[in-house]
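Text of the file structure30.txt, holding compact mmCIF, C-alpha atoms:
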# COMPACT_ATOMS: atom_id res chain seq x y z
CA MET A 1248 -83.74 -84.03 -29.15
CA ASN A 1249 -82.83 -80.38 -29.68
CA SER A 1250 -83.20 -78.98 -33.17
CA PRO A 1251 -79.89 -78.15 -34.90
CA TYR A 1252 -81.39 -74.79 -35.89
CA GLN A 1253 -82.26 -73.76 -32.35
CA THR A 1254 -79.11 -71.70 -31.83
CA LEU A 1255 -79.81 -69.81 -35.08
CA THR A 1256 -83.31 -68.78 -34.15
CA THR A 1257 -82.97 -67.92 -30.46
CA ASP A 1258 -80.59 -65.30 -28.96
CA PRO A 1259 -79.86 -65.11 -25.24
CA PRO A 1260 -81.23 -61.90 -23.64
CA HIS A 1261 -77.76 -60.62 -22.71
CA THR A 1262 -76.69 -60.84 -26.38
CA LEU A 1263 -79.55 -58.59 -27.45
CA GLU A 1264 -78.62 -56.08 -24.76
CA GLU A 1265 -75.01 -56.09 -25.89
CA LEU A 1266 -76.10 -55.59 -29.47
CA ALA A 1267 -78.21 -52.60 -28.45
CA ARG A 1268 -75.26 -51.07 -26.57
CA LEU A 1269 -72.94 -51.64 -29.50
CA THR A 1270 -75.45 -50.08 -31.89
CA ALA A 1271 -75.78 -47.02 -29.66
CA ARG A 1272 -71.99 -46.78 -29.41
CA VAL A 1273 -71.60 -46.97 -33.19
CA GLU A 1274 -74.22 -44.25 -33.65
CA SER A 1275 -72.43 -42.07 -31.08
CA LEU A 1276 -69.08 -42.53 -32.83
CA GLU A 1277 -70.63 -41.74 -36.19
CA ALA A 1278 -72.14 -38.53 -34.80
CA GLU A 1279 -68.75 -37.58 -33.37
CA ARG A 1280 -67.12 -38.29 -36.73
CA ARG A 1281 -69.60 -36.01 -38.51
CA ARG A 1282 -68.86 -33.22 -36.02
CA LEU A 1283 -65.12 -33.53 -36.47
CA VAL A 1284 -65.44 -33.54 -40.26
CA ALA A 1285 -67.67 -30.46 -40.15
CA LEU A 1286 -65.23 -28.69 -37.83
CA LEU A 1287 -62.29 -29.46 -40.14
CA GLU A 1288 -64.28 -28.17 -43.11
CA ILE A 1289 -65.10 -24.97 -41.22
CA LEU A 1290 -61.43 -24.51 -40.30
CA ARG A 1291 -60.44 -25.00 -43.93
CA ASP A 1292 -63.04 -22.52 -45.16
CA VAL A 1293 -62.19 -19.94 -42.48
CA THR A 1294 -58.49 -20.01 -43.32
CA GLY A 1295 -58.97 -20.16 -47.08
CA ALA A 1296 -62.01 -17.99 -47.81
CA PRO A 1297 -61.16 -14.72 -49.60
CA ASN A 1298 -63.70 -12.58 -47.70
CA TYR A 1299 -65.82 -12.60 -44.57
CA THR A 1300 -69.13 -13.27 -46.37
CA ASP A 1301 -67.82 -16.59 -47.69
CA ILE A 1302 -66.63 -17.52 -44.19
CA LEU A 1303 -69.99 -16.82 -42.59
CA GLN A 1304 -71.99 -18.56 -45.29
CA SER A 1305 -69.82 -21.65 -44.89
CA VAL A 1306 -70.35 -21.70 -41.13
CA THR A 1307 -74.14 -21.39 -41.34
CA ARG A 1308 -74.40 -23.98 -44.13
CA ARG A 1309 -72.28 -26.59 -42.38
CA LEU A 1310 -73.93 -26.16 -38.98
CA GLY A 1311 -77.37 -26.23 -40.59
CA HIS A 1312 -76.61 -29.52 -42.34
CA LEU A 1313 -74.88 -31.04 -39.33
CA PHE A 1314 -77.72 -30.47 -36.86
CA GLY A 1315 -80.67 -30.36 -39.25
CA LEU A 1316 -81.64 -26.86 -38.12
CA ASP A 1317 -84.70 -24.82 -38.87
CA ARG A 1318 -82.49 -21.75 -38.87
CA CYS A 1319 -78.79 -20.98 -38.54
CA SER A 1320 -77.67 -17.36 -38.87
CA VAL A 1321 -74.79 -15.06 -38.03
CA PHE A 1322 -75.49 -11.59 -36.67
CA LEU A 1323 -72.83 -8.90 -36.33
CA ALA A 1324 -73.21 -6.17 -33.73
CA ALA A 1325 -72.12 -2.55 -33.84
CA ARG A 1326 -69.33 -1.48 -31.49
CA SER A 1327 -71.54 1.03 -29.72
CA ILE A 1328 -74.77 0.20 -27.94
CA SER A 1329 -77.49 -0.12 -30.56
CA ARG A 1330 -81.00 -1.51 -30.92
CA THR A 1331 -80.10 -3.10 -34.24
CA VAL A 1332 -77.72 -5.77 -35.52
CA HIS A 1333 -76.79 -6.92 -39.01
CA LEU A 1334 -77.88 -10.31 -40.31
CA VAL A 1335 -74.95 -11.17 -42.58
CA ALA A 1336 -75.41 -14.90 -43.31
CA SER A 1337 -78.28 -17.34 -43.13
CA TYR A 1338 -78.56 -21.08 -43.74
CA GLU A 1339 -82.16 -20.94 -44.95
CA ASP A 1340 -81.56 -17.96 -47.28
CA PRO A 1341 -78.00 -17.84 -48.68
CA SER A 1342 -78.78 -14.62 -50.58
CA ILE A 1343 -78.81 -12.58 -47.34
CA ARG A 1344 -75.68 -10.48 -46.95
CA ASN A 1345 -76.38 -7.40 -44.83
CA HIS A 1346 -79.90 -7.10 -43.44
CA VAL A 1347 -80.55 -4.72 -40.54
CA VAL A 1348 -82.56 -6.40 -37.76
CA ASP A 1349 -84.33 -4.76 -34.83
CA LEU A 1350 -83.32 -6.49 -31.60
CA ASP A 1351 -86.82 -6.02 -30.21
CA ARG A 1352 -87.84 -8.83 -32.58
CA TYR A 1353 -85.22 -11.15 -31.07
CA PRO A 1354 -85.20 -10.84 -27.27
CA GLU A 1355 -82.99 -13.92 -26.92
CA LEU A 1356 -80.43 -12.44 -29.34
CA ARG A 1357 -80.48 -9.12 -27.51
CA ARG A 1358 -79.89 -10.88 -24.19
CA ALA A 1359 -76.89 -12.81 -25.55
CA ILE A 1360 -75.28 -9.71 -27.06
CA GLU A 1361 -75.90 -7.49 -24.04
CA THR A 1362 -74.76 -10.02 -21.42
CA GLY A 1363 -72.11 -11.83 -23.45
CA GLN A 1364 -73.55 -15.15 -22.23
CA THR A 1365 -74.84 -18.08 -24.25
CA VAL A 1366 -78.63 -18.17 -24.27
CA HIS A 1367 -80.24 -21.60 -24.56
CA ILE A 1368 -84.01 -21.99 -24.58
CA PRO A 1369 -84.94 -25.72 -24.56
CA ASP A 1370 -88.66 -25.08 -25.16
CA ALA A 1371 -89.31 -21.85 -27.04
CA MET A 1372 -93.11 -22.13 -26.86
CA ALA A 1373 -93.01 -22.25 -23.04
CA ASP A 1374 -90.50 -19.43 -22.50
CA PRO A 1375 -92.18 -16.23 -21.20
CA SER A 1376 -89.48 -13.94 -22.65
CA LEU A 1377 -90.58 -14.96 -26.16
CA SER A 1378 -94.28 -14.25 -25.67
CA PRO A 1379 -94.29 -11.28 -28.12
CA VAL A 1380 -93.08 -13.52 -30.96
CA LEU A 1381 -94.84 -16.79 -30.09
CA PRO A 1382 -97.24 -16.70 -33.08
CA ALA A 1383 -94.33 -16.52 -35.52
CA LEU A 1384 -92.46 -19.29 -33.69
CA ALA A 1385 -95.55 -21.51 -33.61
CA GLY A 1386 -95.92 -21.14 -37.36
CA ARG A 1387 -92.38 -22.43 -37.79
CA ARG A 1388 -92.84 -25.26 -35.24
CA VAL A 1389 -89.78 -24.04 -33.35
CA LYS A 1390 -88.53 -26.13 -30.43
CA THR A 1391 -85.13 -24.95 -29.14
CA ILE A 1392 -83.25 -21.69 -29.64
CA THR A 1393 -79.55 -21.25 -28.91
CA VAL A 1394 -77.57 -18.01 -29.26
CA VAL A 1395 -73.79 -18.16 -28.87
CA PRO A 1396 -71.92 -14.82 -28.66
CA MET A 1397 -68.75 -14.25 -30.68
CA TYR A 1398 -65.89 -12.39 -29.00
CA TRP A 1399 -62.84 -10.46 -30.04
CA SER A 1400 -60.51 -8.73 -27.56
CA GLY A 1401 -63.08 -9.14 -24.81
CA ASN A 1402 -65.92 -7.53 -26.77
CA VAL A 1403 -69.01 -9.16 -28.27
CA ILE A 1404 -68.86 -8.66 -32.03
CA GLY A 1405 -71.85 -10.81 -32.95
CA ALA A 1406 -73.54 -14.14 -32.37
CA LEU A 1407 -74.42 -17.51 -33.86
CA PHE A 1408 -78.18 -18.06 -33.88
CA LEU A 1409 -79.41 -21.67 -34.04
CA ARG A 1410 -82.99 -22.90 -34.03
CA THR A 1411 -84.41 -26.45 -34.19
CA TYR A 1412 -87.70 -27.89 -35.42
CA ASP A 1413 -90.27 -29.31 -33.02
CA GLU A 1414 -89.66 -32.83 -34.35
CA GLY A 1415 -85.94 -32.34 -35.05
CA ALA A 1416 -82.84 -33.08 -33.03
CA GLN A 1417 -82.68 -31.30 -29.70
CA PHE A 1418 -79.65 -29.34 -28.54
CA ASP A 1419 -77.81 -30.56 -25.44
CA GLU A 1420 -74.79 -29.28 -23.52
CA GLU A 1421 -72.37 -31.10 -25.81
CA ASP A 1422 -73.94 -29.43 -28.86
CA ILE A 1423 -73.70 -26.01 -27.21
CA ALA A 1424 -70.04 -26.55 -26.32
CA TYR A 1425 -69.35 -27.52 -29.93
CA CYS A 1426 -71.02 -24.35 -31.20
CA ARG A 1427 -68.93 -22.25 -28.79
CA VAL A 1428 -65.81 -23.64 -30.45
CA VAL A 1429 -67.24 -22.80 -33.88
CA ALA A 1430 -68.10 -19.28 -32.69
CA GLU A 1431 -64.52 -18.73 -31.50
CA ILE A 1432 -63.07 -19.99 -34.79
CA THR A 1433 -65.51 -17.82 -36.75
CA ALA A 1434 -64.63 -14.67 -34.81
CA LYS A 1435 -60.91 -15.16 -35.42
CA GLY A 1436 -61.56 -15.83 -39.09
CA LEU A 1437 -63.60 -12.63 -39.38
CA ILE A 1438 -60.86 -10.49 -37.89
CA GLN A 1439 -58.23 -12.04 -40.13
CA ALA A 1440 -60.41 -11.59 -43.22
CA HIS A 1441 -61.03 -7.97 -42.26
CA ARG A 1442 -57.29 -7.32 -42.01
CA THR A 1443 -56.64 -9.06 -45.31
CA GLU A 1444 -59.30 -6.98 -47.05
CA ARG A 1445 -57.86 -3.82 -45.52
CA MET A 1446 -54.39 -4.71 -46.79
CA GLN A 1447 -55.72 -5.39 -50.28
CA ALA A 1448 -57.68 -2.13 -50.39
CA PRO A 1449 -56.08 0.99 -51.91
CA GLY A 1450 -53.69 2.43 -49.33
CA GLY A 1451 -54.03 -0.65 -47.11
CA THR A 1452 -50.31 -1.36 -46.90
CA GLN A 1453 -49.60 2.27 -46.05
CA TYR A 1454 -52.22 2.12 -43.29
CA LEU A 1455 -50.56 -0.88 -41.66
CA LEU A 1456 -47.11 0.68 -41.94
CA ARG A 1457 -48.41 3.87 -40.35
CA ALA A 1458 -49.95 1.87 -37.49
CA ASP A 1459 -46.63 0.08 -36.95
CA ARG A 1460 -44.78 3.41 -36.89
CA GLU A 1461 -47.28 4.80 -34.37
CA ARG A 1462 -46.73 1.83 -32.07
CA ALA A 1463 -42.96 2.13 -32.42
CA THR A 1464 -43.13 5.85 -31.66
CA LEU A 1465 -45.27 5.20 -28.59
CA MET A 1466 -42.85 2.58 -27.28
CA ALA A 1467 -39.87 4.91 -27.87
CA PHE A 1468 -41.66 7.73 -26.05
CA LEU A 1469 -42.45 5.52 -23.04
CA HIS A 1470 -38.87 4.26 -22.93
CA ARG A 1471 -37.43 7.79 -22.92
CA LEU A 1472 -39.98 9.00 -20.39
CA LEU A 1473 -39.21 6.20 -17.93
CA SER A 1474 -35.46 6.60 -18.45
CA SER A 1475 -35.70 10.33 -17.75
CA MET A 1476 -37.74 9.74 -14.59
CA ALA A 1477 -35.18 7.21 -13.34
CA GLU A 1478 -32.34 9.68 -13.91
CA ARG A 1479 -34.15 12.48 -12.09
CA ASP A 1480 -35.40 10.35 -9.17
CA PRO A 1481 -32.54 9.47 -6.75
CA ALA A 1482 -34.72 6.89 -4.99
CA VAL A 1483 -33.64 4.14 -7.34
CA GLU A 1484 -29.95 5.07 -7.20
CA ASP A 1485 -30.01 5.35 -3.41
CA GLY A 1486 -31.34 1.83 -3.05
CA LEU A 1487 -34.66 2.89 -1.50
CA LEU A 1488 -36.41 0.45 -3.80
CA ALA A 1489 -36.06 -2.95 -2.19
CA ARG A 1490 -34.18 -5.61 -4.11
CA ALA A 1491 -37.21 -7.91 -3.92
CA SER A 1492 -39.42 -5.21 -5.48
CA SER A 1493 -36.85 -4.61 -8.20
CA MET A 1494 -36.72 -8.31 -9.05
CA GLU A 1495 -40.51 -8.49 -9.14
CA LEU A 1496 -40.63 -5.54 -11.52
CA ASP A 1497 -38.08 -7.26 -13.77
CA ARG A 1498 -40.22 -10.39 -13.76
CA LEU A 1499 -43.38 -8.44 -14.65
CA VAL A 1500 -41.55 -6.67 -17.47
CA GLY A 1501 -40.43 -10.04 -18.82
CA VAL A 1502 -43.99 -11.38 -18.70
CA ALA A 1503 -45.33 -8.28 -20.46
CA LEU A 1504 -42.71 -8.56 -23.22
CA ALA A 1505 -43.55 -12.25 -23.71
CA VAL A 1506 -47.26 -11.44 -24.03
CA LEU A 1507 -46.54 -8.67 -26.54
CA ALA A 1508 -44.38 -11.04 -28.60
CA LYS A 1509 -47.13 -13.67 -28.60
CA GLU A 1510 -49.74 -11.11 -29.64
CA ALA A 1511 -47.48 -9.95 -32.47
CA ARG A 1512 -47.24 -13.51 -33.77
CA THR A 1513 -50.98 -14.23 -33.62
CA ARG A 1514 -52.25 -11.00 -35.15
Kindly return the structure encoded in the file as structure tokens.
Amino acid sequence: MNSPYQTLTTDPPHTLEELARLTARVESLEAERRRLVALLEILRDVTGAPNYTDILQSVTRRLGHLFGLDRCSVFLAARSISRTVHLVASYEDPSIRNHVVDLDRYPELRRAIETGQTVHIPDAMADPSLSPVLPALAGRRVKTITVVPMYWSGNVIGALFLRTYDEGAQFDEEDIAYCRVVAEITAKGLIQAHRTERMQAPGGTQYLLRADRERATLMAFLHRLLSSMAERDPAVEDGLLARASSMELDRLVGVALAVLAKEARTR
């Protein structure tokens, strides 16, 4: 006779497998939830922070907590080619605000800034490009290094620098894609904060008004120049410009005006 407790003490193999899959799925959903919460917090801080230092410190702190990083920093690059960058925020040392760093000490950072490409090193101790700094990395038990460039108007203005412990969580492609999104949000927040600070500075409003007047003057000049050329050149009046070409030019002008209007709304 079967024991009445047999079903309570023995689970079919397929049930255990399903439980393992469900557990893994729950863990995956929880990780995704933490990422979304962190991203929302970063968006809130970027749009609400009064200055760029608060924005950058928020980004490094939240990414450091989210991924359990050994290091998370933001470097800003000069516009011209330079051998140095500025370390302006750091997860492991929140007191850092503007520390000049020689790029020779960070070959992976130099490569990301010079090429504009994300640099991901899955095993720092085995990467030959890091041989000059291996003793320092070994002392920190560094495993992976990821550098994500930050862009504005097609130019690299800095980079996110993320480093993991040897025993910590390892970065994968999904993590890198997430950090690219954060880098884009951070870059836009920096530009907006810079403009806000410029407006609040003495003479800031006058500077913006002068820039607007300069743009308006340039547009008026171009309009008059093109109008004068059309009046002096009989080719247009004589119909030498094909109707198809004229329609294409009208279309291109419309596209250009739409792009300018969109840029005016986003800046």
Computed interatomic separation between CA of His1312 (chain A) and CA of Tyr1338 (chain A) (Å): 8.8 Å
CA of Pro1369 (chain A) to CA of Pro1341 (chain A): how many Å, to one decimal? 26.3 Å
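Using only C-alpha atoms, the nearest neighbour of Phe1408 (chain A) within the list A:Asn1345, A:Ser1337, A:Gln1439, A:Thr1362 is A:Ser1337.
Among the candidate residues A:Glu1361, A:Asp1413, A:Asp1370, A:Glu1431, the one lying nearest to Trp1399 (chain A) is A:Glu1431, with distances computed using all atoms listed in the file.
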Between A:Arg1357, A:Arg1427, A:Arg1268, A:Lys1435, single out the one closest to Ala1324 (chain A), counting all atoms listed in the file. A:Arg1357
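The nearest approach to Asp1340 (chain A) among the residues A:Thr1294, A:Thr1307, A:Gln1417, A:Thr1411, with all atoms listed in the file taken into account, belongs to A:Thr1307.
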Between CA of Arg1280 (chain A) and CA of Gly1405 (chain A), what distance in Å does the model show, to one decimal? 28.1 Å
Can you work out which one of A:Thr1270, A:Thr1433, A:Ser1400, A:Thr1391 has the shortest atom-to-atom distance to Phe1322 (chain A), counting only C-alpha atoms?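 Of all the options, A:Thr1433 lies closest to Phe1322 (chain A).
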Could you give me, as a list in words, the residues that sit within 9 Å of (-76.7, -13.1, -46.4) in the file's coordinates, counting all atoms listed in the file? Thr1300, Leu1303, Gln1304, Ser1320, Val1321, Leu1334, Val1335, Ala1336, Ser1337, Tyr1338, Asp1340, Pro1341, Ser1342, Ile1343, Arg1344, Asn1345 and His1346 of chain A
Pick out the closest residue to Asp1374 (chain A) from this set: A:Ala1430, A:Ile1360, A:Val1389, A:Leu1286. Count all atoms listed in the file.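 The closest residue to Asp1374 (chain A) is A:Val1389.
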Which residues come within 10 Å of Ile1423 (chain A), counting only C-alpha atoms, excluding same-chain residues fewer than 3 positions away, as a PyMOL selection string? chain A and resi 1365-1367+1393-1395+1409+1418-1420+1426-1429
For Asp1317 (chain A), work out the shell of residues within 7 Å, counting all atoms listed in the file and skipping chain neighbours fewer than 2 positions away, then give it as a list in words.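 Non-adjacent residues within range: Gly1315, Arg1410, Thr1411 and Tyr1412 of chain A.
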List the neighbours of Met1372 (chain A) out to 12 Å using only C-alpha atoms; skip same-chain residues closer than 2 positions along the sequence, and give me the result as a count of residues only. 24
